[in-house]
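Below: the structure, in structure tokens.
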Amino acid sequence: MTHVTTADDIESPRLRRLFDAWTAEGNAAVDRFWRELADTGTPLIEPVTGAARERLVTVVWRQDRPVAGVYVMANRITDKHQAARGMMRRLAGTDVWFVSLRLPLGLRCGYRVYPFGPDDPHLGADGPRSGSARGLPDDRVDPLNPHAEGPFGSLIELDGAPSLAEWRGVPAPARAGRTDTFDLPGDGVSGCRVRRFVPVTDAPDAELGLLVLLDGEKWFDRFQVTGALTAAVAAGRIPPLAVIGVEASPDPGARMRQLGADPAFIDLLCDALLPAVAADLPGRTTARHTVLCGQSLGGLTALATALRRPDAFGTVLAHSPSTWWRPGMTARPRTIASDGDTWLYEQAATAPVGDVTVRMDVGSREGPMTDDLHRLHALMTARGFDSALHVYTGGHDHCCWAAALMDGLTDPATRLPTRQLA
């Protein structure tokens with residue numbers, strides 16, 4: 001456990017003022033500090049002298065039990081090999097734990113706070129124990145963060161981060177649409193459970209756009225995608241959309257088999273799912289106005305679908321696709337190569353150029369994946385694909401993918417029925 005005993009050891013100006021006040025007034029100053037944060041929220045965000053494009057972000061935690069330490073896991077900031085950056089220090093003699101991070105403007109990331117005892121199986125004095133980070137629970141939030149109860153949990157958000165306005169608890173109209181669930185049987189591959197949302201429309205004979213989301217159970221249950229899309233429709237940003245969520249197995253191995261660019265699964269989506277859904281929608285739905293979206297392994301499958309079956313979807317949105325994947329893999333490798341051609345690159349080099357718009361989004365903090373997608377985009381553009389690459393400031397994070405999804409759907413290049421933009 002690290003104790004801070006002098007103001008010189010504190011980078012945050014706000015915490016230095018607290019230290020000075022505590023030295024003069026005792027715990028009354030600390031209690032006042034916590035009351036202020038209950039009103040203003042956390043984390044603390046302060047300027048960095050001489051670095052206009054950075055901010056000092058300080059996460060704080062109020063000790064309410066005996067602990068051996070406190071760890072903050074911020075997506076692609078203090079996780080993996082950077083875990084030591086997330087170890088909090090205690091302001092000696094107080095209940096204030098803190099860690100300060102210099103971060104770039106435009107960043108958004110989720111973070112969680114983990115107080116731990118001396119015998120915690122996942123955490124030690126230096127952070128997560130080897131191989132145990134995935135065992136950390138995902139429900140630990142910063143109670144003073146204003147977004148803690150939202151769909152993405154505690155967030156660090158700096159000026160310039162893409163908008164999440166539609167995801168901020170905007171109530172959906174009472175008659176937004178109907179949602180149901182059905183099973184899609186497989187033919188030679190395992191079938192899947194499917195969520196379906198059909199919006200109420202004033203023009204039932206008009207063509208209706210269709211969004212197919214991989215890992216659909218997360219988007220429907222945890223992130224409330226239908227409410228966000230309904231808010232975007234109400235604002236005039238997108239036309240009414242039917243939404244299909246294709247569920248994935250919670251078992252990592254089964255998910256990798258399903259979303260590991262499996263040709264049989266891709267054909268199941270194109271030849272069984274789309275016709276079954278289109279037959280039950282009001283109005284008309286065409287391939288041109290059908291969008292496929294996936295993240296991580298789902299992003300890999302979305303790109304593989306654009307290369308294998310460009311006839312099925314008019315637009316493919318691929319967020320942080322798993323460029324490390326190759327046929328035969330059953331788990332993510334511990335070390336990811338930063339050079340050489342990826343399997344996706346090899347496929348794009350020989351695939352026929354089809355009439356499909358491809359948009360890739362990736363975080364600036366995703367290591368080799370970012371470089372892989374720059375090379376893939378350059379290749380696809382040179383070969384004549386309608387390809388775009390957007391790099392956001394962030395990591396491998398649903399709060400970033402939610403913004404990328406809305407940006408992709410509102411992008412004029414995305415093929416959707418005629419719409420009026422707000």
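Chain labels run A, B, ... following the order of the structure tokens; each chain numbers its residues from 1, and ligands are numbered from 1 in the order shown.
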
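Non-sequential neighbours of Leu292 of chain A (distance at most 8 Å, separation of 5 or more positions within a chain, only C-alpha atoms) are Leu211, Val212, Leu213, Leu214, Ala302, Phe313, Thr315, Val316 and Leu317 of chain A.
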
Those same residues - N, CA and C atoms - I'd like them written as a PDB file, in the first residue's frame.
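Output saved as result.pdb:
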ATOM      1  N   LEU A 211     -30.842  -3.184 -40.006  1.00  0.00           N
ATOM      2  CA  LEU A 211     -29.539  -3.275 -39.359  1.00  0.00           C
ATOM      3  C   LEU A 211     -29.414  -4.637 -38.709  1.00  0.00           C
ATOM      4  N   VAL A 212     -28.373  -5.382 -39.062  1.00  0.00           N
ATOM      5  CA  VAL A 212     -28.084  -6.683 -38.456  1.00  0.00           C
ATOM      6  C   VAL A 212     -26.863  -6.517 -37.549  1.00  0.00           C
ATOM      7  N   LEU A 213     -27.046  -6.788 -36.256  1.00  0.00           N
ATOM      8  CA  LEU A 213     -25.989  -6.627 -35.264  1.00  0.00           C
ATOM      9  C   LEU A 213     -25.525  -7.983 -34.768  1.00  0.00           C
ATOM     10  N   LEU A 214     -24.234  -8.255 -34.885  1.00  0.00           N
ATOM     11  CA  LEU A 214     -23.662  -9.444 -34.268  1.00  0.00           C
ATOM     12  C   LEU A 214     -23.453  -9.184 -32.770  1.00  0.00           C
ATOM     13  N   ALA A 302     -17.932  -9.480 -39.988  1.00  0.00           N
ATOM     14  CA  ALA A 302     -18.549  -8.480 -40.857  1.00  0.00           C
ATOM     15  C   ALA A 302     -17.672  -8.212 -42.081  1.00  0.00           C
ATOM     16  N   PHE A 313     -25.308  -7.462 -48.415  1.00  0.00           N
ATOM     17  CA  PHE A 313     -25.427  -6.247 -47.613  1.00  0.00           C
ATOM     18  C   PHE A 313     -24.953  -5.050 -48.426  1.00  0.00           C
ATOM     19  N   THR A 315     -24.061  -2.169 -46.863  1.00  0.00           N
ATOM     20  CA  THR A 315     -23.044  -1.521 -46.034  1.00  0.00           C
ATOM     21  C   THR A 315     -22.595  -2.481 -44.945  1.00  0.00           C
ATOM     22  N   VAL A 316     -21.310  -2.490 -44.673  1.00  0.00           N
ATOM     23  CA  VAL A 316     -20.745  -3.261 -43.564  1.00  0.00           C
ATOM     24  C   VAL A 316     -19.993  -2.302 -42.659  1.00  0.00           C
ATOM     25  N   LEU A 317     -20.330  -2.321 -41.366  1.00  0.00           N
ATOM     26  CA  LEU A 317     -19.643  -1.527 -40.348  1.00  0.00           C
ATOM     27  C   LEU A 317     -18.845  -2.488 -39.474  1.00  0.00           C
TER      28      LEU A 317
END

Q: Name all residues at most 12 Å from Leu405 of chain A (count only C-alpha atoms; drop same-chain ones fewer than 2 positions away) and give them as a VMD selection string.
A: chain A and resid 162 to 164 166 to 167 211 to 213 219 225 228 to 229 232 238 291 to 295 299 316 to 320 359 to 362 390 398 to 403 407 to 411 414

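When only C-alpha atoms are used to compute distances to Pro240 of chain A, the closest of the residues A:Pro121, A:Asp271, A:Pro417, A:Thr286 turns out to be A:Pro417.
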
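The neighbours of Gly93 of chain A here are the residues that come within 9 Å of it, using only C-alpha atoms and leaving out any residue fewer than 6 positions away in the same chain; they are His3, Thr5 and Asn27 of chain A.
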
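Among A:Thr350, A:Thr226, A:Thr342, A:Thr78, the residue with the shortest atom-to-atom distance to Leu103 of chain A, counting only C-alpha atoms, is A:Thr78.
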
Could I get the residues of segment 329-400 of chain A with an atom no further than 8 Å from an atom of segment 107-114 of chain A, each paired with its nearest atom pair and that distance in Å to one decimal, using only C-alpha atoms, sorted by chain and residue number, as a Markdown table?
| residue | atom | partner | partner_atom | distance |
| --- | --- | --- | --- | --- |
| A:Tyr392 | CA | A:Leu107 | CA | 7.9 |
| A:Thr393 | CA | A:Leu107 | CA | 4.8 |
| A:Gly394 | CA | A:Leu107 | CA | 5.4 |
| A:Gly395 | CA | A:Cys109 | CA | 7.0 |
| A:Asp397 | CA | A:Cys109 | CA | 6.7 |
| A:Cys399 | CA | A:Cys109 | CA | 6.8 |
| A:Cys400 | CA | A:Arg108 | CA | 6.8 |

**Q.** Long-range neighbours of Ala29 of chain A as a ChimeraX atom specification, 8 Å cut-off, only C-alpha atoms, 5 positions minimum in chain
**A.** /A:18,21-22

How would the residues just picked look written out with N, CA and C atoms as a compact mmCIF listing (two decimals), in the first residue's frame?
# COMPACT_ATOMS: atom_id res chain seq x y z
N LEU A 18 -6.56 19.96 -1.44
CA LEU A 18 -7.16 19.14 -0.39
C LEU A 18 -6.12 18.81 0.68
N ALA A 21 -5.54 21.77 2.83
CA ALA A 21 -6.69 22.03 3.69
C ALA A 21 -6.78 21.00 4.80
N TRP A 22 -6.48 19.74 4.48
CA TRP A 22 -6.52 18.68 5.50
C TRP A 22 -5.45 18.92 6.56

**Q.** Shell around Arg195 of chain A at 9 Å using only C-alpha atoms, local window under 4 positions removed, as JSON, numbers by chain
**A.** {"A": [179, 180, 181, 182, 183, 216, 217, 220, 243, 244, 245, 246, 247]}

Output N, CA, C and O atoms for every residue in the selection just made, as a tab-separated table (two decimals), in the first residue's frame.
chain	number	residue	atom	x	y	z
A	179	THR	N	-40.73	-5.95	-30.32
A	179	THR	CA	-39.52	-6.76	-30.23
A	179	THR	C	-39.91	-8.20	-29.93
A	179	THR	O	-40.77	-8.45	-29.08
A	180	ASP	N	-39.29	-9.15	-30.64
A	180	ASP	CA	-39.52	-10.55	-30.35
A	180	ASP	C	-38.22	-11.33	-30.56
A	180	ASP	O	-37.19	-10.76	-30.94
A	181	THR	N	-38.27	-12.60	-30.26
A	181	THR	CA	-37.10	-13.48	-30.35
A	181	THR	C	-37.49	-14.75	-31.07
A	181	THR	O	-38.60	-15.27	-30.87
A	182	PHE	N	-36.62	-15.25	-31.93
A	182	PHE	CA	-36.88	-16.52	-32.59
A	182	PHE	C	-35.56	-17.25	-32.80
A	182	PHE	O	-34.48	-16.67	-32.71
A	183	ASP	N	-35.66	-18.54	-33.06
A	183	ASP	CA	-34.48	-19.37	-33.31
A	183	ASP	C	-34.32	-19.61	-34.79
A	183	ASP	O	-35.28	-19.92	-35.50
A	216	GLY	N	-25.75	-9.72	-30.69
A	216	GLY	CA	-26.98	-8.97	-30.52
A	216	GLY	C	-27.51	-8.96	-29.10
A	216	GLY	O	-28.18	-8.00	-28.70
A	217	GLU	N	-27.22	-10.00	-28.31
A	217	GLU	CA	-27.76	-10.04	-26.95
A	217	GLU	C	-27.20	-8.89	-26.10
A	217	GLU	O	-27.90	-8.33	-25.26
A	220	PHE	N	-28.98	-5.53	-27.38
A	220	PHE	CA	-30.38	-5.43	-27.00
A	220	PHE	C	-30.55	-5.34	-25.49
A	220	PHE	O	-31.32	-4.51	-25.00
A	243	VAL	N	-34.20	-3.78	-36.66
A	243	VAL	CA	-32.92	-4.19	-36.08
A	243	VAL	C	-32.97	-5.67	-35.77
A	243	VAL	O	-33.91	-6.15	-35.12
A	244	ILE	N	-31.96	-6.38	-36.22
A	244	ILE	CA	-31.83	-7.81	-35.95
A	244	ILE	C	-30.57	-8.02	-35.13
A	244	ILE	O	-29.48	-7.59	-35.51
A	245	GLY	N	-30.71	-8.64	-33.97
A	245	GLY	CA	-29.56	-8.96	-33.13
A	245	GLY	C	-29.31	-10.46	-33.15
A	245	GLY	O	-30.15	-11.24	-32.70
A	246	VAL	N	-28.18	-10.86	-33.69
A	246	VAL	CA	-27.81	-12.27	-33.76
A	246	VAL	C	-27.01	-12.61	-32.52
A	246	VAL	O	-25.91	-12.10	-32.32
A	247	GLU	N	-27.56	-13.46	-31.66
A	247	GLU	CA	-26.90	-13.77	-30.40
A	247	GLU	C	-25.67	-14.64	-30.60
A	247	GLU	O	-25.62	-15.46	-31.53

Q) Restricting the calculation to only C-alpha atoms, which member of A:Ala276, A:Ala261, A:Met369, A:Cys270 is positioned closest to Pro327 of chain A? A) A:Ala261
